[in-house]
>>> print(open('coords-v5.pdb').read())   # PDB, C-alpha atoms
ATOM      1  CA  GLN A   1     -33.354  22.005  36.887
ATOM      2  CA  GLN A   2     -37.062  21.300  36.654
ATOM      3  CA  ASN A   3     -39.154  20.967  39.805
ATOM      4  CA  ASN A   4     -42.018  18.874  38.405
ATOM      5  CA  GLY A   5     -40.553  15.582  39.552
ATOM      6  CA  TYR A   6     -39.643  14.544  36.021
ATOM      7  CA  GLY A   7     -36.888  16.974  35.221
ATOM      8  CA  GLN A   8     -34.019  14.818  36.431
ATOM      9  CA  THR A   9     -35.183  11.776  34.481
ATOM     10  CA  TYR A  10     -35.726  13.942  31.406
ATOM     11  CA  ASP A  11     -32.228  15.415  31.690
ATOM     12  CA  GLN A  12     -30.724  11.968  32.109
ATOM     13  CA  ASN A  13     -32.562  10.673  29.030
ATOM     14  CA  ILE A  14     -31.309  13.599  26.967
ATOM     15  CA  GLU A  15     -27.757  13.003  28.190
ATOM     16  CA  SER A  16     -27.946   9.269  27.441
ATOM     17  CA  ALA A  17     -29.257   9.931  23.926
ATOM     18  CA  THR A  18     -26.441  12.408  23.318
ATOM     19  CA  LEU A  19     -23.827   9.929  24.540
ATOM     20  CA  ALA A  20     -25.304   7.213  22.309
ATOM     21  CA  LYS A  21     -25.106   9.531  19.280
ATOM     22  CA  THR A  22     -21.505  10.384  20.114
ATOM     23  CA  PHE A  23     -20.613   6.700  20.403
ATOM     24  CA  MET A  24     -22.350   5.826  17.130
ATOM     25  CA  SER A  25     -20.629   8.694  15.336
ATOM     26  CA  ARG A  26     -17.267   7.207  16.374
ATOM     27  CA  VAL A  27     -18.392   3.755  15.241
ATOM     28  CA  PHE A  28     -19.360   5.031  11.799
ATOM     29  CA  ALA A  29     -16.203   7.160  11.556
ATOM     30  CA  TRP A  30     -13.982   4.095  12.079
ATOM     31  CA  MET A  31     -16.125   2.080   9.685
ATOM     32  CA  PHE A  32     -15.763   4.699   6.930
ATOM     33  CA  ILE A  33     -11.994   4.895   7.514
ATOM     34  CA  ALA A  34     -11.786   1.112   7.121
ATOM     35  CA  LEU A  35     -13.926   1.137   3.964
ATOM     36  CA  ALA A  36     -11.787   3.921   2.484
ATOM     37  CA  ALA A  37      -8.593   1.955   3.215
ATOM     38  CA  THR A  38     -10.119  -1.169   1.671
ATOM     39  CA  ALA A  39     -11.345   0.633  -1.450
ATOM     40  CA  ALA A  40      -8.027   2.428  -2.005
ATOM     41  CA  THR A  41      -6.015  -0.775  -1.564
ATOM     42  CA  ALA A  42      -8.292  -2.762  -3.904
ATOM     43  CA  TYR A  43      -8.047  -0.052  -6.576
ATOM     44  CA  ILE A  44      -4.251   0.177  -6.328
ATOM     45  CA  PHE A  45      -3.704  -3.590  -6.492
ATOM     46  CA  ALA A  46      -6.248  -4.202  -9.266
ATOM     47  CA  GLY A  47      -4.537  -1.538 -11.391
ATOM     48  CA  SER A  48      -1.026  -2.946 -10.911
ATOM     49  CA  PRO A  49      -0.134  -6.238 -12.666
ATOM     50  CA  SER A  50       3.088  -6.422 -10.650
ATOM     51  CA  LEU A  51       1.222  -6.212  -7.334
ATOM     52  CA  MET A  52      -1.386  -8.738  -8.454
ATOM     53  CA  GLY A  53       1.481 -10.968  -9.569
ATOM     54  CA  LEU A  54       2.569 -11.233  -5.949
ATOM     55  CA  MET A  55      -0.702 -13.002  -5.117
ATOM     56  CA  VAL A  56      -0.875 -15.248  -8.189
ATOM     57  CA  ASN A  57       1.744 -17.810  -9.239
ATOM     58  CA  GLU A  58       2.940 -18.650 -12.751
ATOM     59  CA  THR A  59       0.212 -21.259 -13.296
ATOM     60  CA  GLY A  60      -2.573 -18.807 -12.466
ATOM     61  CA  GLY A  61      -3.210 -20.262  -9.027
ATOM     62  CA  MET A  62      -2.908 -18.527  -5.688
ATOM     63  CA  SER A  63       0.584 -17.883  -4.367
ATOM     64  CA  ILE A  64       1.470 -18.260  -0.695
ATOM     65  CA  LEU A  65       0.894 -14.527  -0.229
ATOM     66  CA  GLY A  66      -2.424 -14.863  -2.050
ATOM     67  CA  TRP A  67      -3.630 -17.533   0.359
ATOM     68  CA  VAL A  68      -2.439 -15.456   3.323
ATOM     69  CA  VAL A  69      -4.361 -12.448   1.992
ATOM     70  CA  MET A  70      -7.507 -14.525   1.496
ATOM     71  CA  LEU A  71      -7.435 -16.273   4.884
ATOM     72  CA  ALA A  72      -5.784 -13.715   7.178
ATOM     73  CA  PRO A  73      -8.821 -11.373   7.517
ATOM     74  CA  LEU A  74     -10.836 -14.171   9.128
ATOM     75  CA  GLY A  75      -8.003 -14.738  11.593
ATOM     76  CA  PHE A  76      -7.886 -11.006  12.354
ATOM     77  CA  VAL A  77     -11.609 -10.993  13.194
ATOM     78  CA  PHE A  78     -11.241 -13.896  15.617
ATOM     79  CA  TYR A  79      -8.094 -12.408  17.146
ATOM     80  CA  LEU A  80      -9.611  -8.961  17.691
ATOM     81  CA  SER A  81     -12.743 -10.500  19.216
ATOM     82  CA  SER A  82     -10.867 -12.840  21.560
ATOM     83  CA  ARG A  83      -8.206 -10.331  22.672
ATOM     84  CA  PHE A  84     -10.517  -7.356  23.048
ATOM     85  CA  GLN A  85     -10.157  -7.084  26.829
ATOM     86  CA  SER A  86      -6.364  -7.368  26.987
ATOM     87  CA  MET A  87      -5.425  -5.432  23.857
ATOM     88  CA  SER A  88      -4.521  -1.751  24.052
ATOM     89  CA  ARG A  89      -6.473   0.874  22.146
ATOM     90  CA  ASN A  90      -3.554   1.693  19.832
ATOM     91  CA  SER A  91      -2.885  -1.972  19.076
ATOM     92  CA  MET A  92      -6.529  -2.479  18.184
ATOM     93  CA  ILE A  93      -6.492   0.535  15.860
ATOM     94  CA  LEU A  94      -3.344  -0.750  14.129
ATOM     95  CA  LEU A  95      -4.771  -4.247  13.644
ATOM     96  CA  PHE A  96      -8.072  -2.815  12.388
ATOM     97  CA  ILE A  97      -6.278  -0.777   9.717
ATOM     98  CA  VAL A  98      -4.086  -3.738   8.719
ATOM     99  CA  PHE A  99      -7.231  -5.863   8.474
ATOM    100  CA  SER A 100      -8.828  -3.224   6.194
ATOM    101  CA  VAL A 101      -5.792  -3.217   3.907
ATOM    102  CA  LEU A 102      -5.739  -7.025   3.704
ATOM    103  CA  MET A 103      -9.424  -6.985   2.817
ATOM    104  CA  GLY A 104      -8.633  -4.507   0.051
ATOM    105  CA  MET A 105      -5.942  -6.812  -1.320
ATOM    106  CA  SER A 106      -8.424  -9.687  -1.240
ATOM    107  CA  LEU A 107     -11.203  -7.691  -2.917
ATOM    108  CA  SER A 108      -8.858  -6.544  -5.693
ATOM    109  CA  PHE A 109      -9.717  -9.831  -7.432
ATOM    110  CA  VAL A 110     -13.349  -8.665  -7.550
ATOM    111  CA  LEU A 111     -12.340  -5.613  -9.585
ATOM    112  CA  LEU A 112     -10.654  -7.900 -12.105
ATOM    113  CA  VAL A 113     -13.765 -10.082 -12.497
ATOM    114  CA  TYR A 114     -16.508  -7.441 -12.671
ATOM    115  CA  THR A 115     -16.753  -4.263 -14.741
ATOM    116  CA  SER A 116     -15.964  -0.998 -12.965
ATOM    117  CA  ALA A 117     -19.408   0.413 -13.775
ATOM    118  CA  SER A 118     -21.240  -2.533 -12.186
ATOM    119  CA  VAL A 119     -18.977  -2.468  -9.125
ATOM    120  CA  PHE A 120     -19.712   1.243  -8.658
ATOM    121  CA  SER A 121     -23.480   0.854  -9.164
ATOM    122  CA  THR A 122     -23.556  -2.096  -6.736
ATOM    123  CA  PHE A 123     -21.623  -0.020  -4.202
ATOM    124  CA  VAL A 124     -24.239   2.739  -4.506
ATOM    125  CA  VAL A 125     -27.099   0.246  -4.018
ATOM    126  CA  THR A 126     -25.293  -1.307  -1.052
ATOM    127  CA  SER A 127     -24.722   2.103   0.529
ATOM    128  CA  GLY A 128     -28.377   3.034   0.133
ATOM    129  CA  THR A 129     -29.610  -0.282   1.541
ATOM    130  CA  PHE A 130     -27.123  -0.184   4.411
ATOM    131  CA  GLY A 131     -27.974   3.431   5.235
ATOM    132  CA  LEU A 132     -31.717   2.742   5.232
ATOM    133  CA  MET A 133     -31.396  -0.291   7.508
ATOM    134  CA  ALA A 134     -29.022   1.595   9.807
ATOM    135  CA  ILE A 135     -31.669   4.305  10.228
ATOM    136  CA  VAL A 136     -34.322   1.648  10.881
ATOM    137  CA  GLY A 137     -32.116  -0.044  13.468
ATOM    138  CA  TYR A 138     -31.345   3.236  15.222
ATOM    139  CA  THR A 139     -34.854   4.678  15.283
ATOM    140  CA  THR A 140     -37.173   1.668  15.649
ATOM    141  CA  LYS A 141     -38.831   1.071  19.000
ATOM    142  CA  THR A 142     -39.119  -2.654  18.234
ATOM    143  CA  ASP A 143     -36.668  -4.857  20.109
ATOM    144  CA  LEU A 144     -34.692  -6.645  17.398
ATOM    145  CA  THR A 145     -32.918  -8.947  19.865
ATOM    146  CA  LYS A 146     -35.371 -11.755  19.155
ATOM    147  CA  PHE A 147     -34.373 -11.662  15.487
ATOM    148  CA  GLY A 148     -30.656 -11.798  16.255
ATOM    149  CA  SER A 149     -30.530 -15.529  16.983
ATOM    150  CA  LEU A 150     -32.525 -16.306  13.812
ATOM    151  CA  LEU A 151     -30.208 -14.170  11.700
ATOM    152  CA  MET A 152     -27.122 -15.813  13.196
ATOM    153  CA  MET A 153     -28.572 -19.250  12.516
ATOM    154  CA  GLY A 154     -29.229 -18.166   8.939
ATOM    155  CA  LEU A 155     -25.656 -16.873   8.656
ATOM    156  CA  ILE A 156     -24.253 -20.199   9.839
ATOM    157  CA  GLY A 157     -26.545 -21.915   7.346
ATOM    158  CA  ILE A 158     -25.298 -19.972   4.322
ATOM    159  CA  ILE A 159     -21.669 -20.475   5.406
ATOM    160  CA  LEU A 160     -22.203 -24.251   5.508
ATOM    161  CA  ALA A 161     -24.151 -24.166   2.239
ATOM    162  CA  SER A 162     -21.359 -22.152   0.601
ATOM    163  CA  ILE A 163     -18.793 -24.730   1.691
ATOM    164  CA  VAL A 164     -20.928 -27.546   0.252
ATOM    165  CA  ASN A 165     -21.513 -25.634  -2.980
ATOM    166  CA  PHE A 166     -17.774 -25.023  -3.322
ATOM    167  CA  PHE A 167     -17.535 -28.711  -4.195
ATOM    168  CA  MET A 168     -20.923 -29.100  -5.922
ATOM    169  CA  GLN A 169     -20.637 -25.947  -8.085
ATOM    170  CA  SER A 170     -24.433 -25.690  -8.367
ATOM    171  CA  GLY A 171     -25.646 -22.502 -10.029
ATOM    172  CA  THR A 172     -29.110 -22.856  -8.497
ATOM    173  CA  MET A 173     -27.723 -23.263  -4.998
ATOM    174  CA  GLU A 174     -25.427 -20.261  -5.495
ATOM    175  CA  TYR A 175     -28.435 -18.179  -6.524
ATOM    176  CA  ILE A 176     -30.392 -19.253  -3.430
ATOM    177  CA  ILE A 177     -27.382 -18.593  -1.186
ATOM    178  CA  SER A 178     -27.023 -15.105  -2.684
ATOM    179  CA  ILE A 179     -30.688 -14.265  -2.050
ATOM    180  CA  LEU A 180     -30.470 -15.484   1.538
ATOM    181  CA  GLY A 181     -27.166 -13.636   2.011
ATOM    182  CA  VAL A 182     -28.685 -10.302   0.953
ATOM    183  CA  LEU A 183     -31.693 -10.822   3.260
ATOM    184  CA  ILE A 184     -29.576 -11.924   6.235
ATOM    185  CA  PHE A 185     -27.036  -9.090   6.056
ATOM    186  CA  THR A 186     -29.782  -6.531   5.446
ATOM    187  CA  GLY A 187     -31.413  -7.710   8.668
ATOM    188  CA  LEU A 188     -28.100  -7.935  10.521
ATOM    189  CA  THR A 189     -27.366  -4.290   9.687
ATOM    190  CA  ALA A 190     -30.496  -3.102  11.523
ATOM    191  CA  TYR A 191     -29.918  -5.561  14.377
ATOM    192  CA  ASP A 192     -26.260  -4.600  14.866
ATOM    193  CA  VAL A 193     -26.970  -0.851  14.747
ATOM    194  CA  GLN A 194     -29.623  -1.221  17.449
ATOM    195  CA  LYS A 195     -27.274  -3.368  19.526
ATOM    196  CA  LEU A 196     -24.501  -0.769  19.225
ATOM    197  CA  LYS A 197     -26.915   2.039  20.097
ATOM    198  CA  ASN A 198     -27.806   0.168  23.293
ATOM    199  CA  ILE A 199     -24.103  -0.253  24.059
ATOM    200  CA  GLY A 200     -23.673   3.496  23.611
ATOM    201  CA  LEU A 201     -26.548   4.142  26.020
ATOM    202  CA  ALA A 202     -25.019   1.782  28.590
ATOM    203  CA  ILE A 203     -21.476   3.155  28.425
ATOM    204  CA  GLY A 204     -22.399   6.399  30.128
ATOM    205  CA  PRO A 205     -19.933   9.299  30.164
ATOM    206  CA  ASN A 206     -16.926   6.994  29.714
ATOM    207  CA  ARG A 207     -14.536   8.593  27.216
ATOM    208  CA  GLY A 208     -11.585   6.318  27.950
ATOM    209  CA  ALA A 209      -9.806   3.627  25.992
ATOM    210  CA  GLU A 210     -12.501   1.061  26.754
ATOM    211  CA  SER A 211     -15.117   3.164  24.984
ATOM    212  CA  ASP A 212     -12.802   3.648  21.996
ATOM    213  CA  LYS A 213     -12.163  -0.080  21.801
ATOM    214  CA  LEU A 214     -15.900  -0.777  21.842
ATOM    215  CA  ALA A 215     -16.342   1.739  19.019
ATOM    216  CA  ILE A 216     -13.681  -0.023  16.932
ATOM    217  CA  MET A 217     -15.280  -3.427  17.515
ATOM    218  CA  GLY A 218     -18.632  -1.919  16.552
ATOM    219  CA  ALA A 219     -17.076  -0.505  13.391
ATOM    220  CA  LEU A 220     -15.678  -3.955  12.575
ATOM    221  CA  THR A 221     -19.149  -5.483  12.936
ATOM    222  CA  LEU A 222     -20.816  -2.939  10.635
ATOM    223  CA  TYR A 223     -17.880  -3.080   8.200
ATOM    224  CA  LEU A 224     -18.387  -6.838   7.815
ATOM    225  CA  ASP A 225     -22.147  -6.343   7.342
ATOM    226  CA  PHE A 226     -21.476  -3.801   4.579
ATOM    227  CA  ILE A 227     -18.809  -5.842   2.766
ATOM    228  CA  ASN A 228     -20.851  -9.047   2.820
ATOM    229  CA  LEU A 229     -23.998  -7.249   1.659
ATOM    230  CA  PHE A 230     -21.949  -5.714  -1.178
ATOM    231  CA  LEU A 231     -20.504  -9.071  -2.260
ATOM    232  CA  PHE A 232     -23.882 -10.838  -2.254
ATOM    233  CA  LEU A 233     -25.527  -7.988  -4.193
ATOM    234  CA  LEU A 234     -22.650  -8.033  -6.678
ATOM    235  CA  ARG A 235     -23.600 -11.606  -7.632
ATOM    236  CA  PHE A 236     -26.941 -10.221  -8.843
ATOM    237  CA  LEU A 237     -26.013  -6.784 -10.132
ATOM    238  CA  GLY A 238     -22.413  -7.293 -11.263
ATOM    239  CA  ASP A 239     -21.481  -7.638 -14.942
ATOM    240  CA  ARG A 240     -18.528  -9.926 -15.464
ATOM    241  CA  LYS A 241     -15.785  -8.813 -17.816
TER
END
>>> encode(input="coords-v5.pdb", output="structure tokens")
Amino acid sequence: QQNNGYGQTYDQNIESATLAKTFMSRVFAWMFIALAATAATAYIFAGSPSLMGLMVNETGGMSILGWVVMLAPLGFVFYLSSRFQSMSRNSMILLFIVFSVLMGMSLSFVLLVYTSASVFSTFVVTSGTFGLMAIVGYTTKTDLTKFGSLLMMGLIGIILASIVNFFMQSGTMEYIISILGVLIFTGLTAYDVQKLKNIGLAIGPNRGAESDKLAIMGALTLYLDFINLFLFLLRFLGDRK
């Protein structure tokens, strides 16, 4: 214990920083587990005509299971977010893994559209971009909160534009949406990492279920940032078969 009047504050700062690092390590661990489950599921389904046949009907359209696979992940996100307080830690872990598998089934269609080499190279670019922005978000002294509302407004904008373009089928609009999507999710990565770091600093020495649940929700947030960044980059870098 230091006697210069600053020792206690210094010790507390060191402890808070350590707790934040511990929390973030759990967030990234759950995120990587989810990405691994998604990648493995996508690879298995894309390589099995019989499994893909479960999601596509005889006419080449989506089967009932196919529509469930495409729409269910969105429902899982809303459900996990709304039931966070009442849900148990184990239930949240189970739903998070199921969500990851469903996302893998959904993304298996991507592997059928784009070449394996371009998917891999885009994944590498996405990982590098995500990693760089995560470091920026964790280390920057700038408060990124003020950018959060702008990024969320931009996200809502590209969702609405994507819905409109679903009917218009405009190549120019799709290109613009893709550019904005890459920029928005690049920014959201830094913003979300800083937000989660602050949550880790505020949790304190709590090692209970509540902390674990927050880590899983944080992993879900970063997982969605990564997947969306990957999909938007794939529109630029992907080579169609």
>>> closest_atom_pairs(input="coords-v5.pdb", of="region 50-160 of chain A", to="region 176-191 of chain A", cutoff="9 Å", atoms="all atoms listed in the file", output="tab-separated table")
residue	atom	partner	partner_atom	distance
A:Thr129	CA	A:Thr186	CA	7.4
A:Phe130	CA	A:Thr189	CA	6.7
A:Gly131	CA	A:Thr189	CA	8.9
A:Leu132	CA	A:Ala190	CA	8.7
A:Met133	CA	A:Ala190	CA	5.0
A:Ala134	CA	A:Ala190	CA	5.2
A:Ile135	CA	A:Ala190	CA	7.6
A:Val136	CA	A:Ala190	CA	6.1
A:Gly137	CA	A:Ala190	CA	4.0
A:Tyr138	CA	A:Ala190	CA	7.4
A:Asp143	CA	A:Tyr191	CA	8.9
A:Leu144	CA	A:Tyr191	CA	5.8
A:Thr145	CA	A:Tyr191	CA	7.1
A:Phe147	CA	A:Tyr191	CA	7.6
A:Gly148	CA	A:Tyr191	CA	6.6
A:Leu151	CA	A:Ile184	CA	5.9
A:Met152	CA	A:Ile184	CA	8.3
A:Gly154	CA	A:Ile184	CA	6.8
A:Leu155	CA	A:Ile184	CA	6.8
A:Ile158	CA	A:Ile177	CA	6.0
A:Ile159	CA	A:Ile177	CA	8.9
>>> write_last_selection(input="coords-v5.pdb", atoms="C-alpha atoms", output="JSON list (two decimals), keeping the file's coordinate frame")
[["chain", "number", "residue", "atom", "x", "y", "z"],
["A", 129, "THR", "CA", -29.61, -0.28, 1.54],
["A", 130, "PHE", "CA", -27.12, -0.18, 4.41],
["A", 131, "GLY", "CA", -27.97, 3.43, 5.24],
["A", 132, "LEU", "CA", -31.72, 2.74, 5.23],
["A", 133, "MET", "CA", -31.40, -0.29, 7.51],
["A", 134, "ALA", "CA", -29.02, 1.60, 9.81],
["A", 135, "ILE", "CA", -31.67, 4.30, 10.23],
["A", 136, "VAL", "CA", -34.32, 1.65, 10.88],
["A", 137, "GLY", "CA", -32.12, -0.04, 13.47],
["A", 138, "TYR", "CA", -31.34, 3.24, 15.22],
["A", 143, "ASP", "CA", -36.67, -4.86, 20.11],
["A", 144, "LEU", "CA", -34.69, -6.64, 17.40],
["A", 145, "THR", "CA", -32.92, -8.95, 19.86],
["A", 147, "PHE", "CA", -34.37, -11.66, 15.49],
["A", 148, "GLY", "CA", -30.66, -11.80, 16.26],
["A", 151, "LEU", "CA", -30.21, -14.17, 11.70],
["A", 152, "MET", "CA", -27.12, -15.81, 13.20],
["A", 154, "GLY", "CA", -29.23, -18.17, 8.94],
["A", 155, "LEU", "CA", -25.66, -16.87, 8.66],
["A", 158, "ILE", "CA", -25.30, -19.97, 4.32],
["A", 159, "ILE", "CA", -21.67, -20.48, 5.41]]
>>> residues_near_point(input="coords-v5.pdb", point="(-8.5, -9.9, 2.5)", cutoff="7 Å", atoms="all atoms listed in the file", output="PyMOL selection string")
chain A and resi 69-73+102-107
>>> atom_distance(input="coords-v5.pdb", atom1="CA of Arg26 (chain A)", atom2="CA of Phe45 (chain A)")
28.7 Å
>>> axis_aligned_box(input="coords-v5.pdb", around="region 106-124 of chain A", padding_each_side="6 Å", output="lines of an AutoDock Vina configuration file")
center_x = -16.3
center_y = -3.7
center_z = -8.0
size_x = 27.8
size_y = 24.8
size_z = 25.5
>>> closest_residue(input="coords-v5.pdb", among="A:Ser121, A:Thr139, A:Ser211, A:Ser108", to="Phe84 (chain A)", atoms="all atoms listed in the file")
A:Ser211
>>> atom_distance(input="coords-v5.pdb", atom1="CA of Leu94 (chain A)", atom2="CA of Phe226 (chain A)")
20.7 Å
>>> resolve_selection(input="coords-v5.pdb", expression="the PyMOL selection byres ((chain A and resi 122) around 9)", output="ChimeraX atom specification")
/A:117-121,123-127,230-231,233-234,237-238
>>> write_last_selection(input="coords-v5.pdb", atoms="C-alpha atoms", output="PDB file, in the coordinates of the input")
ATOM      1  CA  ALA A 117     -19.408   0.413 -13.775  1.00  0.00           C
ATOM      2  CA  SER A 118     -21.240  -2.533 -12.186  1.00  0.00           C
ATOM      3  CA  VAL A 119     -18.977  -2.468  -9.125  1.00  0.00           C
ATOM      4  CA  PHE A 120     -19.712   1.243  -8.658  1.00  0.00           C
ATOM      5  CA  SER A 121     -23.480   0.854  -9.164  1.00  0.00           C
ATOM      6  CA  PHE A 123     -21.623  -0.020  -4.202  1.00  0.00           C
ATOM      7  CA  VAL A 124     -24.239   2.739  -4.506  1.00  0.00           C
ATOM      8  CA  VAL A 125     -27.099   0.246  -4.018  1.00  0.00           C
ATOM      9  CA  THR A 126     -25.293  -1.307  -1.052  1.00  0.00           C
ATOM     10  CA  SER A 127     -24.722   2.103   0.529  1.00  0.00           C
ATOM     11  CA  PHE A 230     -21.949  -5.714  -1.178  1.00  0.00           C
ATOM     12  CA  LEU A 231     -20.504  -9.071  -2.260  1.00  0.00           C
ATOM     13  CA  LEU A 233     -25.527  -7.988  -4.193  1.00  0.00           C
ATOM     14  CA  LEU A 234     -22.650  -8.033  -6.678  1.00  0.00           C
ATOM     15  CA  LEU A 237     -26.013  -6.784 -10.132  1.00  0.00           C
ATOM     16  CA  GLY A 238     -22.413  -7.293 -11.263  1.00  0.00           C
TER      17      GLY A 238
END
>>> resolve_selection(input="coords-v5.pdb", expression="the PyMOL selection byres ((chain A and resi 20) around 8)", output="short mmCIF file (atom, residue, chain, number, x, y, z; two decimals) with C-alpha atoms, keeping the file's coordinate frame")
data_model
loop_
_atom_site.label_atom_id
_atom_site.label_comp_id
_atom_site.auth_asym_id
_atom_site.auth_seq_id
_atom_site.Cartn_x
_atom_site.Cartn_y
_atom_site.Cartn_z
CA SER A 16 -27.95 9.27 27.44
CA ALA A 17 -29.26 9.93 23.93
CA THR A 18 -26.44 12.41 23.32
CA LEU A 19 -23.83 9.93 24.54
CA LYS A 21 -25.11 9.53 19.28
CA THR A 22 -21.50 10.38 20.11
CA PHE A 23 -20.61 6.70 20.40
CA MET A 24 -22.35 5.83 17.13
CA LYS A 197 -26.92 2.04 20.10
CA ASN A 198 -27.81 0.17 23.29
CA ILE A 199 -24.10 -0.25 24.06
CA GLY A 200 -23.67 3.50 23.61
CA LEU A 201 -26.55 4.14 26.02
#
>>> atom_distance(input="coords-v5.pdb", atom1="CA of Leu51 (chain A)", atom2="CA of Leu229 (chain A)")
26.8 Å
